[in-house]
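Note: the block below is final.pdb and it holds PDB, C-alpha atoms and all ligand atoms.
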```
ATOM      1  CA  MET A 475      32.643 -36.114  -6.782
ATOM      2  CA  ILE A 476      29.709 -38.482  -6.684
ATOM      3  CA  TRP A 477      28.105 -36.925  -3.613
ATOM      4  CA  LEU A 478      28.142 -33.459  -5.178
ATOM      5  CA  TRP A 479      26.407 -34.867  -8.229
ATOM      6  CA  LEU A 480      23.849 -36.630  -6.043
ATOM      7  CA  ALA A 481      23.230 -33.545  -3.925
ATOM      8  CA  ARG A 482      22.566 -31.522  -7.118
ATOM      9  CA  LEU A 483      20.243 -34.218  -8.395
ATOM     10  CA  LEU A 484      18.417 -34.201  -5.082
ATOM     11  CA  GLY A 485      17.927 -30.464  -5.329
ATOM     12  CA  ALA A 486      16.758 -30.568  -8.938
ATOM     13  CA  ALA A 487      14.660 -33.691  -9.260
ATOM     14  CA  SER A 488      11.323 -33.684  -7.549
ATOM     15  CA  SER A 489       9.128 -35.260 -10.210
ATOM     16  CA  PRO A 490       7.714 -38.773  -9.799
ATOM     17  CA  ILE A 491       9.378 -41.605 -11.755
ATOM     18  CA  VAL A 492       6.124 -42.797 -13.286
ATOM     19  CA  ALA A 493       3.481 -40.561 -14.756
ATOM     20  CA  ALA A 494       0.801 -39.921 -12.172
ATOM     21  CA  THR A 495      -2.429 -41.689 -13.046
ATOM     22  CA  GLY A 496      -4.427 -40.613 -10.011
ATOM     23  CA  ALA A 497      -4.441 -37.529  -7.820
ATOM     24  CA  ASN A 498      -0.922 -38.203  -6.564
ATOM     25  CA  ALA A 499       0.421 -41.517  -7.832
ATOM     26  CA  ALA A 500       3.867 -41.099  -6.247
ATOM     27  CA  ALA A 501       2.577 -40.598  -2.711
ATOM     28  CA  PRO A 502       1.694 -43.594  -0.539
ATOM     29  CA  GLY A 503      -2.013 -44.436  -0.356
ATOM     30  CA  PRO A 504      -3.950 -44.173   2.906
ATOM     31  CA  ALA A 505      -3.753 -47.935   3.602
ATOM     32  CA  GLU A 506       0.052 -47.885   3.259
ATOM     33  CA  THR A 507       2.079 -48.093   6.494
ATOM     34  CA  TYR A 508       5.203 -46.748   4.795
ATOM     35  CA  ALA A 509       5.110 -42.952   4.807
ATOM     36  CA  LEU A 510       7.895 -41.927   2.419
ATOM     37  CA  PRO A 511       7.245 -41.099  -1.245
ATOM     38  CA  ARG A 512       8.478 -42.994  -4.296
ATOM     39  CA  SER A 513       9.821 -40.161  -6.444
ATOM     40  CA  ARG A 514      13.006 -39.286  -8.329
ATOM     41  CA  ARG A 515      14.049 -37.118  -5.448
ATOM     42  CA  GLU A 516      13.587 -40.066  -3.069
ATOM     43  CA  GLN A 517      15.710 -42.237  -5.390
ATOM     44  CA  ALA A 518      18.497 -39.684  -5.144
ATOM     45  CA  ARG A 519      18.092 -39.428  -1.353
ATOM     46  CA  LEU A 520      18.393 -43.185  -0.871
ATOM     47  CA  GLU A 521      21.525 -43.321  -3.003
ATOM     48  CA  LEU A 522      23.023 -40.419  -1.129
ATOM     49  CA  GLN A 523      22.293 -42.211   2.151
ATOM     50  CA  HIS A 524      23.949 -45.362   0.814
ATOM     51  CA  PHE A 525      27.188 -43.497   0.035
ATOM     52  CA  ALA A 526      27.030 -41.616   3.352
ATOM     53  CA  LEU A 527      26.858 -44.917   5.228
ATOM     54  CA  ARG A 528      29.841 -46.190   3.290
ATOM     55  CA  GLN A 529      31.805 -43.101   4.338
ATOM     56  CA  LEU A 530      30.774 -43.624   7.962
ATOM     57  CA  LEU A 531      31.038 -47.417   8.314
ATOM     58  CA  GLY A 532      33.720 -48.107   5.697
ATOM     59  CA  THR A 533      31.761 -50.984   4.123
ATOM     60  CA  HIS A 534      28.360 -52.012   2.806
ATOM     61  CA  PHE A 535      28.754 -55.584   4.062
ATOM     62  CA  LEU A 536      29.196 -56.109   7.772
ATOM     63  CA  ALA A 537      28.546 -59.853   7.982
ATOM     64  CA  PRO A 538      31.712 -61.882   7.193
ATOM     65  CA  ILE A 539      30.342 -63.474   4.017
ATOM     66  CA  GLU A 540      32.729 -65.350   1.721
ATOM     67  CA  GLN A 541      31.046 -66.937  -1.300
ATOM     68  CA  PRO A 542      27.270 -66.695  -0.917
ATOM     69  CA  GLY A 543      25.213 -68.605  -3.500
ATOM     70  CA  ALA A 544      22.002 -66.591  -3.001
ATOM     71  CA  ILE A 545      21.515 -63.085  -1.601
ATOM     72  CA  LEU A 546      18.266 -61.270  -0.771
ATOM     73  CA  ASP A 547      17.872 -57.532  -0.184
ATOM     74  CA  VAL A 548      14.544 -56.820   1.527
ATOM     75  CA  GLY A 549      12.965 -53.406   0.867
ATOM     76  CA  SER A 550      15.568 -52.852  -1.830
ATOM     77  CA  GLY A 551      14.452 -49.342  -2.900
ATOM     78  CA  THR A 552      16.612 -48.179  -5.815
ATOM     79  CA  GLY A 553      18.653 -51.408  -5.706
ATOM     80  CA  VAL A 554      21.834 -49.470  -4.877
ATOM     81  CA  TRP A 555      22.941 -51.970  -2.216
ATOM     82  CA  LEU A 556      22.044 -54.962  -4.414
ATOM     83  CA  ARG A 557      24.163 -53.658  -7.293
ATOM     84  CA  GLU A 558      27.090 -53.260  -4.934
ATOM     85  CA  ALA A 559      26.608 -56.855  -3.748
ATOM     86  CA  ALA A 560      26.249 -58.035  -7.377
ATOM     87  CA  ARG A 561      29.650 -56.497  -8.214
ATOM     88  CA  ARG A 562      31.294 -58.086  -5.205
ATOM     89  CA  TRP A 563      29.783 -61.555  -5.771
ATOM     90  CA  PRO A 564      29.391 -61.900  -9.561
ATOM     91  CA  ARG A 565      28.588 -65.640  -9.303
ATOM     92  CA  ALA A 566      25.810 -65.271  -6.722
ATOM     93  CA  GLN A 567      22.089 -65.145  -7.510
ATOM     94  CA  LEU A 568      20.644 -61.925  -6.093
ATOM     95  CA  VAL A 569      17.049 -60.919  -5.409
ATOM     96  CA  ALA A 570      15.741 -57.370  -4.846
ATOM     97  CA  LEU A 571      12.422 -57.539  -2.986
ATOM     98  CA  ASP A 572      10.203 -54.512  -2.576
ATOM     99  CA  LYS A 573       6.497 -53.933  -2.097
ATOM    100  CA  ASP A 574       6.624 -51.391  -4.898
ATOM    101  CA  LEU A 575       9.334 -51.528  -7.570
ATOM    102  CA  THR A 576       8.849 -47.892  -8.643
ATOM    103  CA  LEU A 577      12.125 -46.806  -7.053
ATOM    104  CA  LEU A 578      14.194 -49.661  -8.523
ATOM    105  CA  ARG A 579      16.676 -48.577 -11.193
ATOM    106  CA  GLN A 580      16.355 -50.968 -14.122
ATOM    107  CA  PRO A 581      17.849 -52.895 -15.784
ATOM    108  CA  LEU A 582      19.550 -54.896 -13.071
ATOM    109  CA  PRO A 583      22.645 -57.012 -13.827
ATOM    110  CA  PRO A 584      21.679 -60.407 -15.326
ATOM    111  CA  HIS A 585      22.245 -62.355 -12.093
ATOM    112  CA  CYS A 586      19.800 -60.106 -10.180
ATOM    113  CA  GLN A 587      16.056 -60.563 -10.081
ATOM    114  CA  PRO A 588      13.406 -58.096  -8.860
ATOM    115  CA  VAL A 589      10.487 -59.487  -6.840
ATOM    116  CA  GLN A 590       7.470 -57.430  -5.903
ATOM    117  CA  ALA A 591       6.086 -58.592  -2.543
ATOM    118  CA  ASP A 592       4.891 -57.189   0.755
ATOM    119  CA  LEU A 593       7.159 -58.071   3.641
ATOM    120  CA  LEU A 594       4.246 -57.626   6.034
ATOM    121  CA  THR A 595       2.194 -60.398   4.441
ATOM    122  CA  GLY A 596       4.983 -63.002   4.211
ATOM    123  CA  LEU A 597       8.058 -63.492   2.058
ATOM    124  CA  PRO A 598       7.390 -65.543  -1.104
ATOM    125  CA  PHE A 599      10.429 -67.837  -0.790
ATOM    126  CA  ALA A 600      11.063 -71.416   0.301
ATOM    127  CA  GLU A 601      12.760 -72.203   3.596
ATOM    128  CA  ALA A 602      16.569 -71.904   3.743
ATOM    129  CA  ARG A 603      16.659 -70.310   0.282
ATOM    130  CA  PHE A 604      19.320 -67.614   0.954
ATOM    131  CA  ASP A 605      22.880 -67.504   2.300
ATOM    132  CA  TYR A 606      22.775 -63.777   3.038
ATOM    133  CA  VAL A 607      19.656 -61.737   3.836
ATOM    134  CA  HIS A 608      20.093 -57.971   4.095
ATOM    135  CA  GLN A 609      17.504 -55.415   5.162
ATOM    136  CA  ARG A 610      18.166 -51.694   5.615
ATOM    137  CA  PHE A 611      15.998 -48.765   6.802
ATOM    138  CA  LEU A 612      12.640 -50.525   7.052
ATOM    139  CA  ALA A 613      11.758 -49.190  10.530
ATOM    140  CA  THR A 614       9.504 -46.627   8.834
ATOM    141  CA  ALA A 615       7.608 -49.526   7.208
ATOM    142  CA  ILE A 616       7.331 -52.212   9.911
ATOM    143  CA  PRO A 617       4.843 -51.679  12.762
ATOM    144  CA  VAL A 618       6.490 -52.409  16.079
ATOM    145  CA  THR A 619       4.142 -55.358  16.733
ATOM    146  CA  ALA A 620       5.054 -56.910  13.355
ATOM    147  CA  TRP A 621       8.831 -57.044  13.968
ATOM    148  CA  PRO A 622       8.962 -60.459  15.760
ATOM    149  CA  GLY A 623       6.967 -62.166  12.983
ATOM    150  CA  ILE A 624       9.116 -60.478  10.311
ATOM    151  CA  LEU A 625      12.302 -61.725  11.979
ATOM    152  CA  ASP A 626      10.870 -65.269  12.089
ATOM    153  CA  ASP A 627      10.144 -65.021   8.363
ATOM    154  CA  LEU A 628      13.590 -63.568   7.525
ATOM    155  CA  LEU A 629      15.231 -66.416   9.445
ATOM    156  CA  ARG A 630      12.937 -69.014   7.869
ATOM    157  CA  ILE A 631      14.296 -68.167   4.409
ATOM    158  CA  THR A 632      17.937 -67.968   5.620
ATOM    159  CA  ARG A 633      19.793 -71.285   5.447
ATOM    160  CA  PRO A 634      21.363 -72.682   8.640
ATOM    161  CA  GLY A 635      24.862 -71.165   8.762
ATOM    162  CA  GLY A 636      23.715 -68.238   6.595
ATOM    163  CA  TRP A 637      23.708 -64.601   7.691
ATOM    164  CA  LEU A 638      21.014 -62.045   8.474
ATOM    165  CA  GLU A 639      22.099 -58.375   8.485
ATOM    166  CA  LEU A 640      19.875 -55.463   9.556
ATOM    167  CA  VAL A 641      20.738 -51.756   9.486
ATOM    168  CA  GLU A 642      18.340 -49.184  10.965
ATOM    169  CA  ALA A 643      18.013 -45.701  12.378
ATOM    170  CA  THR A 644      17.247 -45.639  16.090
ATOM    171  CA  GLY A 645      15.805 -42.166  16.569
ATOM    172  CA  ASP A 646      18.195 -41.158  19.368
ATOM    173  CA  THR A 647      20.053 -37.883  18.938
ATOM    174  CA  GLY A 648      23.484 -36.707  20.035
ATOM    175  CA  ASN A 649      23.554 -33.036  21.161
ATOM    176  CA  GLU A 650      19.926 -32.384  20.411
ATOM    177  CA  GLY A 651      18.752 -28.765  20.224
ATOM    178  CA  PRO A 652      15.202 -27.400  20.553
ATOM    179  CA  LEU A 653      14.500 -27.345  16.800
ATOM    180  CA  HIS A 654      15.640 -30.926  16.310
ATOM    181  CA  ARG A 655      13.589 -32.008  19.343
ATOM    182  CA  GLN A 656      10.543 -30.269  17.881
ATOM    183  CA  VAL A 657      10.938 -31.967  14.508
ATOM    184  CA  ARG A 658      11.575 -35.348  16.156
ATOM    185  CA  THR A 659       8.336 -34.952  18.153
ATOM    186  CA  TRP A 660       6.372 -34.126  14.981
ATOM    187  CA  PHE A 661       7.921 -37.101  13.196
ATOM    188  CA  THR A 662       7.218 -39.444  16.129
ATOM    189  CA  THR A 663       3.517 -38.464  16.026
ATOM    190  CA  LEU A 664       3.403 -39.258  12.303
ATOM    191  CA  LEU A 665       5.017 -42.662  12.843
ATOM    192  CA  GLU A 666       2.847 -43.536  15.836
ATOM    193  CA  ARG A 667      -0.290 -42.939  13.769
ATOM    194  CA  ARG A 668       0.958 -45.792  11.582
ATOM    195  CA  GLY A 669       1.939 -48.080  14.455
ATOM    196  CA  LEU A 670       5.634 -47.353  13.842
ATOM    197  CA  ARG A 671       8.426 -46.525  16.278
ATOM    198  CA  LEU A 672      11.851 -45.408  15.152
ATOM    199  CA  ASP A 673      13.456 -46.857  18.298
ATOM    200  CA  ALA A 674      12.017 -50.343  17.586
ATOM    201  CA  ALA A 675      15.384 -51.318  16.090
ATOM    202  CA  LEU A 676      17.013 -51.056  19.515
ATOM    203  CA  ASN A 677      15.266 -54.358  20.310
ATOM    204  CA  LEU A 678      16.912 -56.174  17.395
ATOM    205  CA  PRO A 679      19.849 -57.636  19.374
ATOM    206  CA  HIS A 680      17.454 -59.039  21.968
ATOM    207  CA  TRP A 681      15.015 -60.372  19.365
ATOM    208  CA  LEU A 682      17.820 -62.133  17.486
ATOM    209  CA  GLN A 683      19.206 -63.626  20.714
ATOM    210  CA  GLU A 684      15.728 -64.960  21.511
ATOM    211  CA  ARG A 685      15.880 -66.752  18.155
ATOM    212  CA  GLY A 686      19.159 -68.476  18.937
ATOM    213  CA  LEU A 687      21.582 -66.098  17.147
ATOM    214  CA  GLN A 688      24.651 -64.512  18.707
ATOM    215  CA  PRO A 689      24.377 -61.121  17.007
ATOM    216  CA  GLN A 690      27.194 -58.689  16.404
ATOM    217  CA  ILE A 691      26.062 -55.144  17.181
ATOM    218  CA  LEU A 692      27.349 -51.798  15.931
ATOM    219  CA  ARG A 693      25.799 -48.621  17.296
ATOM    220  CA  PHE A 694      26.751 -45.578  15.224
ATOM    221  CA  GLN A 695      26.055 -41.841  15.054
ATOM    222  CA  MET A 696      25.376 -40.192  11.694
ATOM    223  CA  PRO A 697      26.917 -36.703  11.941
ATOM    224  CA  LEU A 698      24.743 -33.758  10.846
ATOM    225  CA  PHE A 699      27.509 -31.183  11.354
ATOM    226  CA  GLY A 700      30.884 -30.535   9.754
ATOM    227  CA  ARG A 701      32.292 -32.233   6.663
ATOM    228  CA  ARG A 702      33.647 -35.560   7.862
ATOM    229  CA  ARG A 703      32.272 -39.130   7.990
ATOM    230  CA  GLY A 704      29.538 -38.497   5.413
ATOM    231  CA  ALA A 705      28.109 -35.440   7.232
ATOM    232  CA  PRO A 706      27.199 -33.348   4.117
ATOM    233  CA  LEU A 707      25.351 -36.360   2.687
ATOM    234  CA  PHE A 708      23.555 -37.189   5.929
ATOM    235  CA  ARG A 709      22.391 -33.535   6.188
ATOM    236  CA  GLU A 710      20.911 -33.716   2.676
ATOM    237  CA  ASP A 711      19.440 -37.132   3.430
ATOM    238  CA  VAL A 712      17.619 -36.100   6.631
ATOM    239  CA  LEU A 713      16.407 -32.760   5.244
ATOM    240  CA  SER A 714      15.161 -34.329   2.025
ATOM    241  CA  ALA A 715      13.222 -37.029   3.914
ATOM    242  CA  LEU A 716      11.635 -34.461   6.230
ATOM    243  CA  GLN A 717      10.789 -32.082   3.372
ATOM    244  CA  ALA A 718       9.058 -34.955   1.563
ATOM    245  CA  LEU A 719       6.933 -35.471   4.674
ATOM    246  CA  GLU A 720       6.095 -31.782   5.258
ATOM    247  CA  SER A 721       2.412 -31.998   4.365
ATOM    248  CA  GLN A 722       1.888 -35.216   6.346
ATOM    249  CA  LEU A 723       3.717 -33.754   9.360
ATOM    250  CA  ALA A 724       1.536 -30.645   9.172
ATOM    251  CA  ALA A 725      -1.683 -32.680   8.918
ATOM    252  CA  VAL A 726      -1.074 -35.121  11.805
ATOM    253  CA  ASN A 727       0.326 -32.432  14.106
ATOM    254  CA  HIS A 728      -2.350 -29.831  13.192
ATOM    255  CA  ILE A 729       0.132 -27.093  12.376
ATOM    256  CA  PRO A 730       0.645 -24.985   9.239
ATOM    257  CA  ARG A 731       2.989 -26.466   6.659
ATOM    258  CA  GLU A 732       4.855 -23.129   6.565
ATOM    259  CA  GLN A 733       5.845 -23.637  10.206
ATOM    260  CA  ILE A 734       7.356 -27.026   9.371
ATOM    261  CA  ALA A 735       9.170 -25.581   6.338
ATOM    262  CA  ALA A 736      10.581 -22.671   8.370
ATOM    263  CA  THR A 737      11.779 -25.037  11.109
ATOM    264  CA  LEU A 738      13.496 -27.278   8.559
ATOM    265  CA  THR A 739      15.203 -24.256   7.000
ATOM    266  CA  ALA A 740      16.642 -23.269  10.385
ATOM    267  CA  LEU A 741      17.657 -26.807  11.369
ATOM    268  CA  PRO A 742      21.112 -27.061   9.684
ATOM    269  CA  ARG A 743      22.392 -23.990  11.537
ATOM    270  CA  GLU A 744      21.372 -25.569  14.863
ATOM    271  CA  TRP A 745      22.988 -28.895  13.878
ATOM    272  CA  GLU A 746      26.218 -27.079  13.062
ATOM    273  CA  ARG A 747      26.221 -25.005  16.247
ATOM    274  CA  LEU A 748      25.481 -27.932  18.586
ATOM    275  CA  ARG A 749      27.288 -30.654  16.607
ATOM    276  CA  THR A 750      24.180 -32.814  16.371
ATOM    277  CA  SER A 751      24.156 -36.424  15.232
ATOM    278  CA  SER A 752      21.492 -39.048  14.683
ATOM    279  CA  GLY A 753      21.718 -42.641  15.910
ATOM    280  CA  GLY A 754      21.703 -45.914  14.012
ATOM    281  CA  ILE A 755      22.302 -49.590  14.636
ATOM    282  CA  ALA A 756      23.645 -52.473  12.566
ATOM    283  CA  VAL A 757      22.990 -56.013  13.776
ATOM    284  CA  TRP A 758      24.180 -59.159  12.030
ATOM    285  CA  GLY A 759      24.191 -62.792  13.022
ATOM    286  CA  ARG A 760      24.495 -66.331  11.758
ATOM    287  CA  LYS A 761      21.488 -68.611  11.761
ATOM    288  CA  PRO A 762      22.268 -71.669  13.918
TER     289      PRO A 762
HETATM  290  C1  LIG B 801      13.711 -46.233   3.318
HETATM  291  S1  LIG B 801      13.618 -47.222   1.862
HETATM  292  C2  LIG B 801      15.115 -48.163   2.032
HETATM  293  C3  LIG B 801      15.607 -48.707   0.708
HETATM  294  C4  LIG B 801      16.905 -49.505   0.782
HETATM  295  N1  LIG B 801      16.820 -50.594   1.735
HETATM  296  C5  LIG B 801      18.092 -48.633   1.052
HETATM  297  O1  LIG B 801      18.671 -48.737   2.146
HETATM  298  O2  LIG B 801      18.464 -47.827   0.183
HETATM  299  C6  LIG B 801      12.384 -48.403   2.249
HETATM  300  C7  LIG B 801      12.011 -49.322   1.098
HETATM  301  O3  LIG B 801      11.157 -50.348   1.633
HETATM  302  C8  LIG B 801      10.065 -50.544   0.771
HETATM  303  N2  LIG B 801       8.932 -51.051   1.565
HETATM  304  C9  LIG B 801       8.117 -50.350   2.369
HETATM  305  N3  LIG B 801       7.204 -51.159   2.922
HETATM  306  C10 LIG B 801       7.452 -52.407   2.455
HETATM  307  C11 LIG B 801       6.841 -53.669   2.656
HETATM  308  N4  LIG B 801       5.793 -53.797   3.452
HETATM  309  N5  LIG B 801       7.347 -54.748   2.002
HETATM  310  C12 LIG B 801       8.427 -54.621   1.188
HETATM  311  N6  LIG B 801       9.050 -53.443   0.962
HETATM  312  C13 LIG B 801       8.564 -52.345   1.583
HETATM  313  C14 LIG B 801       9.803 -49.176   0.156
HETATM  314  O4  LIG B 801       9.089 -49.309  -1.065
HETATM  315  C15 LIG B 801      11.219 -48.645  -0.016
HETATM  316  O5  LIG B 801      11.745 -49.033  -1.248
END
```
Could I get this structure in the form of structure tokens?
Amino acid sequence: MIWLWLARLLGAASSPIVAATGANAAAPGPAETYALPRSRREQARLELQHFALRQLLGTHFLAPIEQPGAILDVGSGTGVWLREAARRWPRAQLVALDKDLTLLRQPLPPHCQPVQADLLTGLPFAEARFDYVHQRFLATAIPVTAWPGILDDLLRITRPGGWLELVEATGDTGNEGPLHRQVRTWFTTLLERRGLRLDAALNLPHWLQERGLQPQILRFQMPLFGRRRGAPLFREDVLSALQALESQLAAVNHIPREQIAATLTALPREWERLRTSSGGIAVWGRKP
């Protein structure tokens, strides 16, 4: 099964994709808002998360798109979503945009093009260029004050009648235990240092309404217990992300890294006992 293979890969692969040229070429630099690494292990985590979401939501495409001519995936990571879209719409032109293309698995299919650009400094596309703009899990990269400007830019490049689709974590927890609360507090401190808030995505419906869209909204819970609805994959996904952040969590919270590691080791048992889940939101709407 694909998820077993991915989980093994996640366990085994921790080396960076590119040879390190500096002290730690795979880790984000100090000026970088985005906190997660760009390593082989992170590639595997993102792909695992992609398949987990499919198990939970039943689809990778929530907006009711029929025959889009041009599709953009913003913050495309490994390109796993873009490849899926490329298979579904073989006649469309697809663009994978990321600030850093290290994670992107190459080569892409011939009708897909990678573009390296920073979402925070403006998207390098003409107005009304795309029929379908997709962006997933960028809340750990977009400062809360930057979101309104980013949405303006995403809508600028969407054609009237085209669709914008956003999928994000929301930071809320179902059946939260003390260990999870502790880790969430550590993580929140790390994000706040970078001007980020995981719950920023809860404003998306309102922000899209303000811009004249009538968004569809799906709130979902990613299960961290049991074996159904992608739970084994979500467990690996969350643990892998937190383990990758261990040293940063220790530094910003002024606690020993060993304490973080021990807490993460104990976390799955608490998730199982309390039946914990982690919140997310999908919002999609048509540009008037
Ligand atoms: C959590 S990953 C999500 C990847 C992909 N959307 C997915 O769901 O698998 C975030 C991605 O956004 C990219 N990213 C971070 N900051 C960015 C920025 N300012 N502009 C463009 N991409 C950015 C990262 O390089 C990374 O590939």
Counting all atoms listed in the file, which residues sit no farther than 12 Å from the position (28.4, -70.1, 0.7) in the file's frame? I'd like them as a list in words.
Pro538, Ile539, Glu540, Gln541, Pro542, Gly543, Ala544, Ile545, Trp563, Arg565, Ala566, Gln567, Arg603, Phe604, Asp605, Tyr606, Thr632, Arg633, Pro634, Gly635, Gly636 and Trp637 of chain A
Around ligand LIG 801 (chain B), at most 6 Å away and counting only C-alpha atoms and all ligand atoms, which residues are there? Put them as a compact mmCIF listing (two decimals) with C-alpha atoms, in the coordinates of the input, please.
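Wrote it out as result.txt, contents follow:
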```txt
# COMPACT_ATOMS: atom_id res chain seq x y z
CA TYR A 508 5.20 -46.75 4.80
CA LEU A 520 18.39 -43.18 -0.87
CA GLY A 549 12.96 -53.41 0.87
CA SER A 550 15.57 -52.85 -1.83
CA GLY A 551 14.45 -49.34 -2.90
CA ASP A 572 10.20 -54.51 -2.58
CA LYS A 573 6.50 -53.93 -2.10
CA ASP A 574 6.62 -51.39 -4.90
CA ALA A 591 6.09 -58.59 -2.54
CA ASP A 592 4.89 -57.19 0.76
CA LEU A 593 7.16 -58.07 3.64
CA LEU A 594 4.25 -57.63 6.03
CA GLN A 609 17.50 -55.42 5.16
CA ARG A 610 18.17 -51.69 5.62
CA PHE A 611 16.00 -48.76 6.80
CA LEU A 612 12.64 -50.52 7.05
CA ALA A 615 7.61 -49.53 7.21
```
Spatial neighbours of Asp673 of chain A, max dist 10 Å, only C-alpha atoms, sep filter under 4 positions, as number ranges by chain:
A: 613, 618, 642-646, 662, 677-678, 753-755
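The spacing separating atom CA of Asp547 of chain A from atom CA of Gln683 of chain A amounts to 21.8 Å.
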Mind listing as a ChimeraX atom specification all residues within 9 Å of (1.2, -35.1, 10.9), counting all atoms listed in the file?
/A:660-661,663-665,667,719-729
Selected residues written out, C-alpha atoms, as a PDB file, in the frame of the given file:
```pdb
ATOM      1  CA  TRP A 660       6.372 -34.126  14.981  1.00  0.00           C
ATOM      2  CA  PHE A 661       7.921 -37.101  13.196  1.00  0.00           C
ATOM      3  CA  THR A 663       3.517 -38.464  16.026  1.00  0.00           C
ATOM      4  CA  LEU A 664       3.403 -39.258  12.303  1.00  0.00           C
ATOM      5  CA  LEU A 665       5.017 -42.662  12.843  1.00  0.00           C
ATOM      6  CA  ARG A 667      -0.290 -42.939  13.769  1.00  0.00           C
ATOM      7  CA  LEU A 719       6.933 -35.471   4.674  1.00  0.00           C
ATOM      8  CA  GLU A 720       6.095 -31.782   5.258  1.00  0.00           C
ATOM      9  CA  SER A 721       2.412 -31.998   4.365  1.00  0.00           C
ATOM     10  CA  GLN A 722       1.888 -35.216   6.346  1.00  0.00           C
ATOM     11  CA  LEU A 723       3.717 -33.754   9.360  1.00  0.00           C
ATOM     12  CA  ALA A 724       1.536 -30.645   9.172  1.00  0.00           C
ATOM     13  CA  ALA A 725      -1.683 -32.680   8.918  1.00  0.00           C
ATOM     14  CA  VAL A 726      -1.074 -35.121  11.805  1.00  0.00           C
ATOM     15  CA  ASN A 727       0.326 -32.432  14.106  1.00  0.00           C
ATOM     16  CA  HIS A 728      -2.350 -29.831  13.192  1.00  0.00           C
ATOM     17  CA  ILE A 729       0.132 -27.093  12.376  1.00  0.00           C
TER      18      ILE A 729
END
```
Explicit residue set for the PyMOL selection byres (((chain A and resi 619-625) around 10) and not hetatm), as a compact mmCIF listing (two decimals) with C-alpha atoms, keeping the file's coordinate frame:
```txt
# COMPACT_ATOMS: atom_id res chain seq x y z
CA LEU A 593 7.16 -58.07 3.64
CA LEU A 594 4.25 -57.63 6.03
CA THR A 595 2.19 -60.40 4.44
CA GLY A 596 4.98 -63.00 4.21
CA LEU A 597 8.06 -63.49 2.06
CA ALA A 613 11.76 -49.19 10.53
CA ALA A 615 7.61 -49.53 7.21
CA ILE A 616 7.33 -52.21 9.91
CA PRO A 617 4.84 -51.68 12.76
CA VAL A 618 6.49 -52.41 16.08
CA ASP A 626 10.87 -65.27 12.09
CA ASP A 627 10.14 -65.02 8.36
CA LEU A 628 13.59 -63.57 7.52
CA LEU A 629 15.23 -66.42 9.44
CA ARG A 630 12.94 -69.01 7.87
CA LEU A 638 21.01 -62.04 8.47
CA GLY A 669 1.94 -48.08 14.46
CA LEU A 670 5.63 -47.35 13.84
CA ARG A 671 8.43 -46.52 16.28
CA ALA A 674 12.02 -50.34 17.59
CA ALA A 675 15.38 -51.32 16.09
CA ASN A 677 15.27 -54.36 20.31
CA LEU A 678 16.91 -56.17 17.40
CA TRP A 681 15.02 -60.37 19.36
CA LEU A 682 17.82 -62.13 17.49
CA GLU A 684 15.73 -64.96 21.51
CA ARG A 685 15.88 -66.75 18.16
```
Using the file's own x, y and z axes, what box holds all listed atoms of segment 707-712 of chain A with 4 Å on each side, keeping edges along x, y and z, and what are its centre and edge lengths in Å to one decimal, as JSON?
```
{"center_x": 21.5, "center_y": -35.4, "center_z": 4.7, "size_x": 15.7, "size_y": 11.7, "size_z": 12.0}
```
Provide the atom CA of Gln690 of chain A to atom CA of Leu640 of chain A distance in Å, to one decimal place.
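The value is 10.5 Å.
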Find the distance between atom CA of Leu741 of chain A and atom CA of Gln523 of chain A and write it in Å to one decimal.
18.5 Å
If the PyMOL selection byres (((chain A and resi 648) around 7) and not hetatm) were run on this exact file, what residues would it hold? Put them as a PyMOL selection string.
chain A and resi 646-647+649-650+750-752
Where does segment 658-716 of chain A meet segment 525-529 of chain A within 6 Å, residue by residue, with the nearest atom pair and distance in Å to one decimal for each, counting only C-alpha atoms, listed by chain and rising number, as JSON lines?
```
{"residue": "A:Arg703", "atom": "CA", "partner": "A:Gln529", "partner_atom": "CA", "distance": 5.4}
{"residue": "A:Gly704", "atom": "CA", "partner": "A:Ala526", "partner_atom": "CA", "distance": 4.5}
{"residue": "A:Leu707", "atom": "CA", "partner": "A:Ala526", "partner_atom": "CA", "distance": 5.6}
```
Near Ala736 of chain A, within 12 Å and counting only C-alpha atoms, which residues show up once chain neighbours fewer than 5 positions away are dropped, as a PDB file with C-alpha atoms, in the frame of the given file?
```
ATOM      1  CA  LEU A 653      14.500 -27.345  16.800  1.00  0.00           C
ATOM      2  CA  VAL A 657      10.938 -31.967  14.508  1.00  0.00           C
ATOM      3  CA  GLN A 717      10.789 -32.082   3.372  1.00  0.00           C
ATOM      4  CA  GLU A 720       6.095 -31.782   5.258  1.00  0.00           C
ATOM      5  CA  PRO A 730       0.645 -24.985   9.239  1.00  0.00           C
ATOM      6  CA  ARG A 731       2.989 -26.466   6.659  1.00  0.00           C
ATOM      7  CA  LEU A 741      17.657 -26.807  11.369  1.00  0.00           C
ATOM      8  CA  PRO A 742      21.112 -27.061   9.684  1.00  0.00           C
TER       9      PRO A 742
END
```
Apply the PyMOL selection byres (((chain A and resi 579) around 7) and not hetatm) to the structure shown and report the selected residues as a PyMOL selection string.
chain A and resi 552-553+577-578+580-581
In terms of only C-alpha atoms, the residue from A:Ser513, A:Gln688, A:Thr659, A:Gln695 at minimal distance from Trp758 of chain A is A:Gln688
For Arg514 of chain A, which residue among A:Thr739, A:Leu748, A:Arg658, A:Ala718 is the nearest when counting only C-alpha atoms?
A:Ala718
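Closest approach to Ala740 of chain A among A:Val757, A:Leu676, A:Leu546, A:Leu713 is made by A:Leu713 (distances from only C-alpha atoms).
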